[in-house]
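**Q** Got a structure here, written out as structure tokens. Questions coming.
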Amino acid sequence: MKSFFLSFAIVFTQCVFASAARVGDSITIEGPFQGNQLKIVATYKSFSSGVMNQEQITTLGGSVISNEATQVAEEDILTPETAGLVVAMCESIGGQHVYLNLPVGNTLTCRLNTQSLNGLPEIYAKNLELIGDVVWIGPFPVLGLAQIQLNGDIMVVTNYRWN
């Protein structure tokens, strides 16, 4: 576990300087939820003074139910390196490696029960507090999610963009 956090800290330190380059990174997650189509679009919108401005728009059945703007501390900005590292270190944080055939391709993910997120880096823990019963973390931007299971419904990443 110590080696995971040391590796994670080293990657974060190297990636912090590239924070402004993450502006424009985005992810779209879609799927059925309580009989309607749920769509979440999360985007890094702008970066200034060590803070990333993130926008997340959630629609249900085609109607916007949430449009949230949040500020993400520089050390919590998800990069390709940190997303890949979490997937690679999956078993050390209590997860299980699973390949998923997603609309964006066949992808190695880390399946985690959200009730047992012990040891998960803060960047993910913040995003997963209220999302799903089971999540599959993947090498994807902003939220780092590949798939979410909530009350039997499954939502998957349908589009993403790393700058």
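So you can find residues: chains in the structure tokens are A, B, ... in the order shown, residues in each start at 1, and ligands are numbered from 1 in order.
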Could you make a table, as a Markdown table, of the residues of stretch 27-59 of chain A that have an atom within 12 Å of an atom of stretch 78-84 of chain A, each with its nearest atom pair and distance in Å to one decimal, counting only C-alpha atoms, in chain and number order?

**A**
```
| residue | atom | partner | partner_atom | distance |
| --- | --- | --- | --- | --- |
| A:Ile27 | CA | A:Leu78 | CA | 11.7 |
| A:Thr43 | CA | A:Leu78 | CA | 11.2 |
| A:Tyr44 | CA | A:Leu78 | CA | 9.7 |
| A:Met52 | CA | A:Leu78 | CA | 10.3 |
| A:Gln54 | CA | A:Leu78 | CA | 11.3 |
```

**Q** Need to verify the contact set: A:Ser19, 9 Å, only C-alpha atoms, exclusion of same-chain residues closer than 3 positions in sequence. Can you return it as a PyMOL selection string?

**A** chain A and resi 15-16+22-23+47+50-52+74-75+77-79

**Q** Using only C-alpha atoms, which residues sit within 9 Å of A:Pro103 once same-chain residues fewer than 3 positions away are excluded, as a PyMOL selection string?

**A** chain A and resi 106+156-159

**Q** Can you tell me, as a VMD selection string, what residues are no more than 10 Å from A:Gly152 when counting only C-alpha atoms, ignoring any on the same chain fewer than 5 positions away?

**A** chain A and resid 32 to 34 132 to 134

**Q** Can you write just those residues out, N, CA and C atoms, as an mmCIF file, in the first residue's frame?

**A**
```cif
data_model
loop_
_atom_site.group_PDB
_atom_site.id
_atom_site.type_symbol
_atom_site.label_atom_id
_atom_site.label_comp_id
_atom_site.auth_asym_id
_atom_site.auth_seq_id
_atom_site.Cartn_x
_atom_site.Cartn_y
_atom_site.Cartn_z
ATOM 1 N N PRO A 32 -29.344 3.680 -18.902
ATOM 2 C CA PRO A 32 -30.673 3.734 -18.284
ATOM 3 C C PRO A 32 -30.572 4.005 -16.786
ATOM 4 N N PHE A 33 -31.542 4.758 -16.278
ATOM 5 C CA PHE A 33 -31.620 4.996 -14.846
ATOM 6 C C PHE A 33 -33.077 5.244 -14.479
ATOM 7 N N GLN A 34 -33.636 4.368 -13.692
ATOM 8 C CA GLN A 34 -35.022 4.462 -13.232
ATOM 9 C C GLN A 34 -36.004 4.659 -14.402
ATOM 10 N N GLY A 132 -23.151 5.438 -7.609
ATOM 11 C CA GLY A 132 -23.179 4.007 -7.834
ATOM 12 C C GLY A 132 -22.911 3.101 -6.655
ATOM 13 N N ASP A 133 -23.296 1.835 -6.845
ATOM 14 C CA ASP A 133 -23.029 0.766 -5.895
ATOM 15 C C ASP A 133 -21.697 0.104 -6.225
ATOM 16 N N VAL A 134 -21.460 -0.033 -7.522
ATOM 17 C CA VAL A 134 -20.215 -0.600 -8.035
ATOM 18 C C VAL A 134 -19.754 0.321 -9.151
#
```

**Q** Taking only C-alpha atoms into account, which of A:Thr107, A:Gln96, A:Thr70, A:Gln56 comes nearest A:Phe140?

**A** A:Thr107

**Q** May I ask for the distance between atom CA of A:Trp136 and atom CA of A:Gly62, given in Å to one decimal place?

**A**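 Between these atoms lies a distance of 24.8 Å.
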
**Q** May I ask which of the residues A:Leu108, A:Leu102, A:Ala42, A:Ile137 is the closest one to A:Ser66, counting only C-alpha atoms?

**A**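 Nearest to A:Ser66: A:Ala42.
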
**Q** Name the closest residue to A:Val104 among the candidates A:Leu60, A:Gly31, A:Ser48, A:Ala146; distances are taken between atoms, counting only C-alpha atoms.

**A**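 Counting only C-alpha atoms, the residue closest to A:Val104 is A:Ala146.
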
**Q** Out of A:Ala21, A:Gly35, A:Ser26, A:Cys90, which residue has the shortest atom-to-atom distance to A:Asp153 when counting only C-alpha atoms?

**A**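 Once distances to A:Asp153 are computed over only C-alpha atoms, the minimum belongs to A:Gly35.
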
**Q** How many Å separate atom CA of A:Ser49 from atom CA of A:Ala20?

**A** 10.0 Å

**Q** Taking the chain letters and numbering used in this document, name the residues of stretch 36-132 of chain A that DSSP puts in strand (DSSP E), as a ChimeraX atom specification.

**A** /A:36-48,51-60,63-73,96-102,105-113

**Q** Could you work out how far atom CA of A:Ile40 lies from atom CA of A:Thr28, giving the answer in Å with one decimal?

**A**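 If I compute the distance from atom CA of A:Thr28 to atom CA of A:Ile40, I get 5.6 Å.
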